[in-house]
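Coordinates as given in structure_7.txt (compact mmCIF, C-alpha atoms):
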```txt
# COMPACT_ATOMS: atom_id res chain seq x y z
CA MET C 827 29.95 7.86 -39.62
CA ILE C 828 31.45 8.31 -43.10
CA GLU C 829 34.50 6.29 -44.14
CA VAL C 830 35.90 6.79 -47.63
CA GLN C 831 38.97 4.76 -48.54
CA ALA C 832 40.80 5.04 -51.89
CA LEU C 833 37.54 5.90 -53.70
CA ARG C 834 37.67 5.81 -57.51
CA LYS C 835 34.97 6.63 -60.05
CA LEU C 836 35.67 6.46 -63.77
CA TYR C 837 33.83 7.83 -66.78
CA GLY C 838 35.53 6.06 -69.65
CA GLN C 839 39.21 6.97 -69.32
CA LEU C 840 38.48 9.98 -67.09
CA ALA C 841 38.96 9.48 -63.35
CA ALA C 842 36.36 11.85 -61.84
CA VAL C 843 37.42 10.62 -58.39
CA ASP C 844 40.92 9.22 -58.10
CA GLY C 845 41.87 7.63 -54.78
CA ILE C 846 40.15 9.99 -52.33
CA SER C 847 40.20 8.97 -48.63
CA PHE C 848 38.70 10.71 -45.59
CA THR C 849 36.53 10.07 -42.54
CA ALA C 850 33.86 12.21 -40.86
CA ARG C 851 32.63 11.78 -37.29
CA PRO C 852 29.31 12.23 -35.45
CA GLY C 853 28.59 15.87 -34.58
CA GLU C 854 31.21 17.09 -37.07
CA ILE C 855 30.80 19.38 -40.07
CA PHE C 856 33.29 18.12 -42.64
CA GLY C 857 33.85 20.42 -45.61
CA LEU C 858 34.61 19.15 -49.10
CA LEU C 859 36.06 21.99 -51.18
CA GLY C 860 37.09 22.12 -54.79
CA PRO C 861 36.56 24.09 -58.01
CA ASN C 862 33.92 23.02 -60.52
CA GLY C 863 34.72 19.57 -61.88
CA ALA C 864 36.94 18.63 -58.93
CA GLY C 865 34.93 15.51 -58.05
CA LYS C 866 32.86 16.75 -55.09
CA THR C 867 29.41 15.90 -56.42
CA THR C 868 30.65 12.56 -57.79
CA THR C 869 32.00 11.72 -54.33
CA ILE C 870 28.64 12.54 -52.76
CA GLY C 871 26.91 10.43 -55.43
CA CYS C 872 29.06 7.45 -54.45
CA ILE C 873 28.41 7.97 -50.72
CA CYS C 874 24.63 8.10 -51.12
CA GLY C 875 24.47 5.17 -53.53
CA LEU C 876 23.46 7.00 -56.71
CA LEU C 877 26.79 6.08 -58.29
CA ARG C 878 28.62 2.76 -57.98
CA PRO C 879 32.34 3.17 -57.17
CA ASP C 880 34.86 1.66 -59.55
CA GLY C 881 37.36 1.18 -56.76
CA GLY C 882 37.91 1.66 -53.05
CA GLU C 883 35.34 1.45 -50.28
CA VAL C 884 32.67 3.72 -48.81
CA ARG C 885 30.93 2.99 -45.50
CA VAL C 886 28.09 4.93 -43.87
CA ASN C 887 27.28 4.22 -40.22
CA GLY C 888 29.38 1.08 -40.53
CA PHE C 889 27.62 -0.30 -43.63
CA ASP C 890 29.22 -0.68 -47.04
CA VAL C 891 27.25 1.41 -49.56
CA VAL C 892 27.49 -1.36 -52.19
CA SER C 893 26.99 -4.62 -50.28
CA GLY C 894 24.82 -3.06 -47.56
CA GLY C 895 23.29 -0.21 -49.53
CA ALA C 896 19.80 -0.25 -47.98
CA ARG C 897 21.16 -0.19 -44.42
CA ALA C 898 23.67 2.54 -45.32
CA ARG C 899 20.99 4.70 -46.96
CA ALA C 900 18.70 4.35 -43.92
CA SER C 901 21.11 6.61 -42.01
CA LEU C 902 21.39 9.20 -44.78
CA GLY C 903 19.77 12.53 -45.46
CA VAL C 904 20.63 14.26 -48.75
CA VAL C 905 20.16 17.89 -49.77
CA PRO C 906 21.15 17.95 -53.45
CA GLN C 907 22.54 20.91 -55.36
CA GLU C 908 19.56 20.77 -57.71
CA ILE C 909 16.33 21.50 -55.84
CA ALA C 910 14.34 18.25 -55.55
CA LEU C 911 10.78 19.52 -55.04
CA TYR C 912 7.43 19.13 -56.81
CA GLU C 913 6.41 22.70 -57.55
CA GLU C 914 2.71 21.96 -58.06
CA LEU C 915 2.53 20.52 -54.53
CA SER C 916 2.54 22.50 -51.29
CA ALA C 917 5.42 22.46 -48.81
CA ARG C 918 3.50 20.06 -46.56
CA GLU C 919 2.69 17.77 -49.48
CA ASN C 920 6.35 17.68 -50.53
CA LEU C 921 7.36 16.83 -46.97
CA ALA C 922 4.67 14.15 -46.72
CA TYR C 923 5.96 12.54 -49.92
CA TRP C 924 9.62 12.48 -48.85
CA GLY C 925 8.71 11.49 -45.29
CA GLY C 926 6.70 8.55 -46.60
CA LEU C 927 9.71 7.32 -48.55
CA HIS C 928 11.60 7.21 -45.23
CA GLY C 929 8.82 5.27 -43.51
CA LEU C 930 7.25 8.14 -41.56
CA ARG C 931 3.50 7.84 -41.04
CA GLY C 932 0.60 9.37 -39.11
CA GLY C 933 1.25 11.47 -36.04
CA ARG C 934 5.02 10.99 -36.20
CA LEU C 935 5.09 12.35 -39.75
CA ARG C 936 2.90 15.35 -38.84
CA GLU C 937 5.07 16.11 -35.80
CA ARG C 938 8.25 16.09 -37.87
CA MET C 939 6.69 18.18 -40.65
CA ASP C 940 5.61 20.83 -38.15
CA ALA C 941 9.09 20.87 -36.59
CA VAL C 942 11.08 21.24 -39.81
CA LEU C 943 8.68 23.82 -41.27
CA GLU C 944 9.20 25.94 -38.16
CA ASP C 945 12.97 25.45 -38.31
CA ALA C 946 12.98 26.53 -41.96
CA GLY C 947 10.74 29.54 -41.29
CA LEU C 948 8.02 28.24 -43.64
CA GLU C 949 5.18 27.38 -41.26
CA GLY C 950 3.11 30.34 -42.47
CA ARG C 951 3.39 29.32 -46.15
CA SER C 952 3.22 25.55 -45.76
CA ARG C 953 -0.03 25.01 -47.72
CA GLU C 954 0.92 27.12 -50.75
CA PRO C 955 2.21 25.57 -54.00
CA VAL C 956 6.00 25.60 -54.06
CA SER C 957 5.80 27.36 -57.44
CA ARG C 958 4.96 30.55 -55.51
CA PHE C 959 8.09 30.32 -53.36
CA SER C 960 11.21 32.45 -53.80
CA GLY C 961 14.52 30.78 -54.52
CA GLY C 962 15.56 31.08 -50.89
CA MET C 963 12.31 29.53 -49.66
CA LYS C 964 12.75 26.59 -52.03
CA ARG C 965 16.28 26.07 -50.73
CA ARG C 966 15.00 26.04 -47.16
CA LEU C 967 12.26 23.54 -48.02
CA ASN C 968 14.81 21.42 -49.89
CA PHE C 969 16.84 21.35 -46.67
CA ALA C 970 13.76 20.53 -44.57
CA CYS C 971 13.05 17.49 -46.76
CA GLY C 972 16.59 16.23 -46.14
CA ILE C 973 16.37 16.37 -42.34
CA LEU C 974 12.74 15.30 -41.92
CA HIS C 975 13.63 11.74 -40.83
CA ARG C 976 16.43 12.81 -38.46
CA PRO C 977 19.32 11.25 -40.40
CA LYS C 978 22.56 10.33 -38.65
CA VAL C 979 24.54 11.45 -41.71
CA LEU C 980 23.60 14.53 -43.75
CA LEU C 981 25.07 15.22 -47.20
CA LEU C 982 24.79 18.88 -48.24
CA ASP C 983 25.78 19.76 -51.80
CA GLU C 984 25.92 23.56 -52.18
CA PRO C 985 22.91 24.10 -49.87
CA THR C 986 23.15 27.92 -49.93
CA ALA C 987 23.85 28.43 -53.64
CA GLY C 988 22.09 31.49 -55.02
CA VAL C 989 20.02 32.34 -51.93
CA ASP C 990 19.28 35.70 -50.35
CA PRO C 991 21.26 36.74 -47.22
CA GLN C 992 18.34 36.04 -44.87
CA SER C 993 17.89 32.50 -46.19
CA ARG C 994 21.66 31.88 -46.04
CA VAL C 995 21.77 32.84 -42.35
CA ARG C 996 18.86 30.51 -41.55
CA LEU C 997 20.33 27.64 -43.57
CA ILE C 998 23.72 27.96 -41.87
CA GLU C 999 22.03 27.91 -38.47
CA LEU C 1000 20.13 24.78 -39.54
CA VAL C 1001 23.45 23.15 -40.44
CA ARG C 1002 24.94 24.02 -37.06
CA ALA C 1003 21.82 22.72 -35.28
CA GLN C 1004 22.18 19.37 -37.03
CA ALA C 1005 25.79 19.04 -35.89
CA ARG C 1006 24.88 20.04 -32.33
CA ALA C 1007 22.32 17.22 -32.34
CA GLY C 1008 25.08 14.74 -33.19
CA THR C 1009 24.55 14.44 -36.94
CA CYS C 1010 27.60 13.94 -39.14
CA VAL C 1011 27.44 16.64 -41.83
CA LEU C 1012 29.35 16.50 -45.12
CA TYR C 1013 29.28 20.00 -46.62
CA THR C 1014 30.29 21.28 -50.05
CA THR C 1015 30.22 24.99 -50.83
CA HIS C 1016 31.47 27.64 -53.26
CA TYR C 1017 31.70 30.17 -50.44
CA MET C 1018 35.08 30.14 -48.72
CA GLU C 1019 33.86 32.23 -45.78
CA GLU C 1020 31.22 29.57 -45.06
CA ALA C 1021 33.85 26.85 -45.07
CA GLU C 1022 36.16 28.77 -42.74
CA THR C 1023 33.50 29.63 -40.16
CA LEU C 1024 31.33 26.51 -40.37
CA CYS C 1025 33.51 23.45 -40.87
CA ASP C 1026 35.39 21.59 -38.14
CA ARG C 1027 37.64 19.91 -40.69
CA LEU C 1028 38.11 20.32 -44.44
CA ALA C 1029 39.38 18.40 -47.44
CA ILE C 1030 40.49 20.20 -50.61
CA VAL C 1031 40.08 18.19 -53.81
CA ASP C 1032 41.02 18.96 -57.40
CA HIS C 1033 40.97 16.83 -60.56
CA GLY C 1034 39.50 14.01 -58.49
CA ARG C 1035 42.40 13.87 -56.03
CA LEU C 1036 42.76 14.89 -52.41
CA GLN C 1037 45.17 17.83 -52.14
CA ALA C 1038 45.06 18.50 -48.38
CA GLN C 1039 42.87 17.95 -45.33
CA GLY C 1040 42.74 19.05 -41.70
CA THR C 1041 41.30 21.78 -39.51
CA VAL C 1042 41.25 25.36 -40.79
CA GLU C 1043 44.22 26.14 -38.52
CA GLU C 1044 46.18 23.13 -39.80
CA LEU C 1045 45.52 24.06 -43.41
CA ARG C 1046 46.47 27.70 -42.87
CA ALA C 1047 49.74 26.55 -41.28
CA MET C 1048 50.68 24.88 -44.57
CA LEU C 1049 51.24 28.35 -46.06
CA GLY C 1050 53.57 29.55 -43.33
CA GLU C 1051 53.99 33.32 -43.50
CA ARG C 1052 53.79 33.62 -47.26
CA ASP C 1053 51.43 36.22 -48.74
CA LEU C 1054 49.29 35.83 -51.82
CA LEU C 1055 49.94 38.46 -54.52
CA ARG C 1056 47.55 38.62 -57.45
CA LEU C 1057 48.28 40.94 -60.37
CA SER C 1058 45.73 41.68 -63.09
CA GLY C 1059 46.45 43.17 -66.50
CA VAL C 1060 47.85 41.87 -69.77
CA PHE C 1061 50.49 39.11 -69.67
CA ASP C 1062 52.30 36.66 -71.88
CA PRO C 1063 51.98 33.55 -69.66
CA ALA C 1064 55.25 31.95 -70.73
CA ARG C 1065 57.26 35.16 -70.25
CA ALA C 1066 55.47 35.83 -66.94
CA ARG C 1067 56.46 32.39 -65.66
CA ALA C 1068 60.07 32.99 -66.62
CA ALA C 1069 60.03 36.41 -64.94
CA ALA C 1070 58.54 35.02 -61.73
CA ALA C 1071 61.29 32.40 -61.58
CA ARG C 1072 63.81 35.24 -61.31
CA VAL C 1073 62.13 36.73 -58.21
CA ASN C 1074 63.92 35.28 -55.20
CA GLU C 1075 61.79 32.76 -53.22
CA ALA C 1076 58.62 33.61 -55.14
CA GLU C 1077 56.32 30.72 -56.06
CA LEU C 1078 54.18 31.10 -59.17
CA LEU C 1079 50.71 29.68 -58.53
CA SER C 1080 49.01 30.58 -61.80
CA ALA C 1081 49.60 32.63 -64.93
CA ASP C 1082 47.31 33.39 -67.82
CA SER C 1083 46.77 36.28 -70.21
CA GLY C 1084 44.75 38.28 -67.66
CA ALA C 1085 46.29 37.54 -64.26
CA VAL C 1086 49.36 36.26 -62.46
CA THR C 1087 49.28 34.91 -58.90
CA LEU C 1088 52.38 34.54 -56.72
CA SER C 1089 53.09 33.33 -53.21
CA LEU C 1090 55.99 34.97 -51.39
CA ALA C 1091 57.02 36.19 -47.94
CA ASN C 1092 56.74 39.89 -47.06
CA ALA C 1093 55.11 40.65 -50.39
CA SER C 1094 54.24 44.24 -49.44
CA THR C 1095 57.94 45.12 -49.27
CA ARG C 1096 58.76 43.41 -52.57
CA LEU C 1097 56.20 44.89 -54.94
CA ALA C 1098 58.76 46.98 -56.79
CA GLU C 1099 60.92 43.90 -57.42
CA VAL C 1100 57.97 41.89 -58.74
CA PHE C 1101 56.69 44.76 -60.89
CA ALA C 1102 60.11 45.32 -62.42
CA ALA C 1103 60.55 41.64 -63.33
CA LEU C 1104 57.12 41.37 -64.96
CA THR C 1105 57.30 44.73 -66.72
CA GLU C 1106 60.64 43.74 -68.20
CA ALA C 1107 58.85 40.63 -69.53
CA GLY C 1108 56.36 42.85 -71.37
CA ALA C 1109 53.53 42.73 -68.83
CA GLU C 1110 51.03 45.55 -68.43
CA ILE C 1111 50.00 45.57 -64.75
CA ARG C 1112 46.62 47.22 -64.07
CA GLY C 1113 45.67 46.00 -60.61
CA THR C 1114 47.18 44.46 -57.49
CA THR C 1115 45.60 42.44 -54.66
CA LEU C 1116 47.66 41.42 -51.64
CA THR C 1117 46.24 38.85 -49.22
CA ARG C 1118 47.61 37.59 -45.94
CA PRO C 1119 47.76 33.79 -45.53
CA ASN C 1120 44.24 32.32 -45.31
CA LEU C 1121 42.24 29.36 -46.54
CA GLU C 1122 41.52 31.07 -49.87
CA SER C 1123 45.22 31.57 -50.57
CA LEU C 1124 45.96 27.92 -49.70
CA PHE C 1125 43.18 26.82 -52.02
CA ILE C 1126 44.65 28.84 -54.90
CA LYS C 1127 48.12 27.52 -54.10
CA LEU C 1128 46.92 23.90 -54.28
CA THR C 1129 44.56 24.16 -57.25
CA GLY C 1130 45.76 27.25 -59.15
CA ARG C 1131 42.14 28.46 -59.21
CA GLU C 1132 39.69 30.34 -57.05
CA LEU C 1133 36.94 28.26 -55.43
CA ARG C 1134 34.19 29.69 -57.66
CA GLU C 1135 35.99 28.98 -60.93
```
Show the structure stored in the file as structure tokens.
Amino acid sequence: MIEVQALRKLYGQLAAVDGISFTARPGEIFGLLGPNGAGKTTTIGCICGLLRPDGGEVRVNGFDVVSGGARARASLGVVPQEIALYEELSARENLAYWGGLHGLRGGRLRERMDAVLEDAGLEGRSREPVSRFSGGMKRRLNFACGILHRPKVLLLDEPTAGVDPQSRVRLIELVRAQARAGTCVLYTTHYMEEAETLCDRLAIVDHGRLQAQGTVEELRAMLGERDLLRLSGVFDPARARAAAARVNEAELLSADSGAVTLSLANASTRLAEVFAALTEAGAEIRGTTLTRPNLESLFIKLTGRELRE
């Protein structure tokens, strides 16, 4: 349903997306993960036709998004990161507006509005101005607008950002319901636990390039049995890097003035060795976090940053 081949998008000399390729299938939730500025939103902009690619090819439901843009967009539903609602209008009026843009009219439009309002838990507030809604309610209505026309492909850009726990649970269930109905879902998120539990396959991007992709199990296997050791405190980055190089089989993932992150096997039994090497290099260690191999540790290994950075 989504085919992205060697996608490139340039802003002057900056390659916001640099040769990304992936495919996503019907009924699949495909996660696109990356730190801020990695190229996720730009990729979504190219898929939905808001941005014109500078290279490569994007196809939606078999149609090229450039040469067959109207036919490609007919299959798409988009839930943007920024809430796209008219606050002076009611929930029903917002849905009527967006439904009309997708060609829904009369009884069919009313039937779909009733269905998505119930799914979003907003049927009791549907005639109130959106300006009275909480942030979580707006997010749910934003989602409802994106699925009103039953799209075959659904693009979700941070759909649960900043919502309350109750709204997050409902939104995640809405995502799963779309996939169960056969919709192809492309999902970006800043919440690693969402990605691990929700996505069938994932791609990790950074600096506009694809770093890895596969199922959660396949991505975890890339780490082997190596633990993630993060030390906080006060460090000289250059001296910390040199000290880490002297620790046998340790891989330095990141080093700055406030933290050092290493990947190594059996880290719990080698803390004294690591501490001694860094202390000798003038480090002041104030905190230690040891993590078994998981998707978060792979992400840090590939990008040198946490997902929310």
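When atom CA of Ala1091 of chain C is paired with atom CA of Leu1028 of chain C, their separation reads 24.9 Å.
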I need the residue nearest Thr986 of chain C from this list: C:Pro906, C:Gly1008, C:Gly865, C:Gly1084. Use all atoms listed in the file for the distance.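 The closest residue to Thr986 of chain C is C:Pro906.
Across the structure, atom CA of Leu1121 of chain C and atom CA of Gly845 of chain C are spaced 23.2 Å apart.
Checking C:Val956, C:Leu1104, C:Ile1111, C:Val1001 one by one against Ser1058 of chain C, counting only C-alpha atoms, you find the shortest gap at C:Ile1111.
Atom CA of Asp880 of chain C is positioned 5.0 Å from atom CA of Lys835 of chain C.
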Do you know which residues lie at most 9 Å from (52.2, 43.1, -68.3), with coordinates as in the file and only C-alpha atoms counted, and could you write them as a list in words?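 Counting only C-alpha atoms, I find these residues within 9 Å of (52.2, 43.1, -68.3): Ser1058, Gly1059, Val1060, Phe1061, Asp1062, Ala1066, Ser1083, Gly1084, Phe1101, Leu1104, Thr1105, Glu1106, Ala1107, Gly1108, Ala1109, Glu1110, Ile1111 and Arg1112 of chain C.
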Can you write just those residues out, C-alpha atoms, as a PDB file, keeping the file's coordinate frame?
```pdb
ATOM      1  CA  SER C1058      45.730  41.680 -63.090  1.00  0.00           C
ATOM      2  CA  GLY C1059      46.450  43.170 -66.500  1.00  0.00           C
ATOM      3  CA  VAL C1060      47.850  41.870 -69.770  1.00  0.00           C
ATOM      4  CA  PHE C1061      50.490  39.110 -69.670  1.00  0.00           C
ATOM      5  CA  ASP C1062      52.300  36.660 -71.880  1.00  0.00           C
ATOM      6  CA  ALA C1066      55.470  35.830 -66.940  1.00  0.00           C
ATOM      7  CA  SER C1083      46.770  36.280 -70.210  1.00  0.00           C
ATOM      8  CA  GLY C1084      44.750  38.280 -67.660  1.00  0.00           C
ATOM      9  CA  PHE C1101      56.690  44.760 -60.890  1.00  0.00           C
ATOM     10  CA  LEU C1104      57.120  41.370 -64.960  1.00  0.00           C
ATOM     11  CA  THR C1105      57.300  44.730 -66.720  1.00  0.00           C
ATOM     12  CA  GLU C1106      60.640  43.740 -68.200  1.00  0.00           C
ATOM     13  CA  ALA C1107      58.850  40.630 -69.530  1.00  0.00           C
ATOM     14  CA  GLY C1108      56.360  42.850 -71.370  1.00  0.00           C
ATOM     15  CA  ALA C1109      53.530  42.730 -68.830  1.00  0.00           C
ATOM     16  CA  GLU C1110      51.030  45.550 -68.430  1.00  0.00           C
ATOM     17  CA  ILE C1111      50.000  45.570 -64.750  1.00  0.00           C
ATOM     18  CA  ARG C1112      46.620  47.220 -64.070  1.00  0.00           C
TER      19      ARG C1112
END
```
Who sits within 12 Å of Leu1045 of chain C, only C-alpha atoms, same chain under 4 positions skipped, as a ChimeraX atom specification: /C:1022,1026-1030,1037-1041,1049-1050,1119-1125,1127-1128
May I ask which of the residues C:Asn1092, C:Thr1115, C:Asn862, C:Asn920 is the closest one to Glu1075 of chain C, counting all atoms listed in the file? C:Asn1092
Using all atoms listed in the file, find the one residue out of C:Pro1063, C:Thr1095, C:Thr1117, C:Arg938 that sits nearest to Asp1082 of chain C.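 The closest residue to Asp1082 of chain C is C:Pro1063.
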Among the residues C:Ile870, C:Ile1126, C:Leu930, C:Leu967, the one that comes closest to Arg918 of chain C [using all atoms listed in the file]: C:Leu967
Exercise: residues within 10 Å of coordinate (57.9, 38.1, -56.5), counting only C-alpha atoms, as a PDB file with C-alpha atoms, keeping the file's coordinate frame:
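Listing of selection-v6.pdb after writing:
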```pdb
ATOM      1  CA  LEU C1055      49.940  38.460 -54.520  1.00  0.00           C
ATOM      2  CA  ALA C1069      60.030  36.410 -64.940  1.00  0.00           C
ATOM      3  CA  ALA C1070      58.540  35.020 -61.730  1.00  0.00           C
ATOM      4  CA  ALA C1071      61.290  32.400 -61.580  1.00  0.00           C
ATOM      5  CA  ARG C1072      63.810  35.240 -61.310  1.00  0.00           C
ATOM      6  CA  VAL C1073      62.130  36.730 -58.210  1.00  0.00           C
ATOM      7  CA  ASN C1074      63.920  35.280 -55.200  1.00  0.00           C
ATOM      8  CA  GLU C1075      61.790  32.760 -53.220  1.00  0.00           C
ATOM      9  CA  ALA C1076      58.620  33.610 -55.140  1.00  0.00           C
ATOM     10  CA  GLU C1077      56.320  30.720 -56.060  1.00  0.00           C
ATOM     11  CA  LEU C1078      54.180  31.100 -59.170  1.00  0.00           C
ATOM     12  CA  THR C1087      49.280  34.910 -58.900  1.00  0.00           C
ATOM     13  CA  LEU C1088      52.380  34.540 -56.720  1.00  0.00           C
ATOM     14  CA  SER C1089      53.090  33.330 -53.210  1.00  0.00           C
ATOM     15  CA  LEU C1090      55.990  34.970 -51.390  1.00  0.00           C
ATOM     16  CA  ALA C1091      57.020  36.190 -47.940  1.00  0.00           C
ATOM     17  CA  ASN C1092      56.740  39.890 -47.060  1.00  0.00           C
ATOM     18  CA  ALA C1093      55.110  40.650 -50.390  1.00  0.00           C
ATOM     19  CA  ARG C1096      58.760  43.410 -52.570  1.00  0.00           C
ATOM     20  CA  LEU C1097      56.200  44.890 -54.940  1.00  0.00           C
ATOM     21  CA  ALA C1098      58.760  46.980 -56.790  1.00  0.00           C
ATOM     22  CA  GLU C1099      60.920  43.900 -57.420  1.00  0.00           C
ATOM     23  CA  VAL C1100      57.970  41.890 -58.740  1.00  0.00           C
ATOM     24  CA  PHE C1101      56.690  44.760 -60.890  1.00  0.00           C
ATOM     25  CA  ALA C1102      60.110  45.320 -62.420  1.00  0.00           C
ATOM     26  CA  ALA C1103      60.550  41.640 -63.330  1.00  0.00           C
ATOM     27  CA  LEU C1104      57.120  41.370 -64.960  1.00  0.00           C
TER      28      LEU C1104
END
```
Which residues are near Val989 of chain C? Cut-off 8 Å, all atoms listed in the file, ignore same chain within fewer than 3 positions. Put them as JSON, numbers by chain. {"C": [961, 962, 965, 986, 993, 994]}
Six-sided padding of 4 Å per side, axis-aligned box over segment 1052-1056 of chain C, centre and edges in Å, one decimal, as AutoDock Vina command-line options:
```
--center_x 50.7 --center_y 36.1 --center_z -52.4 --size_x 14.2 --size_y 13.0 --size_z 18.2
```
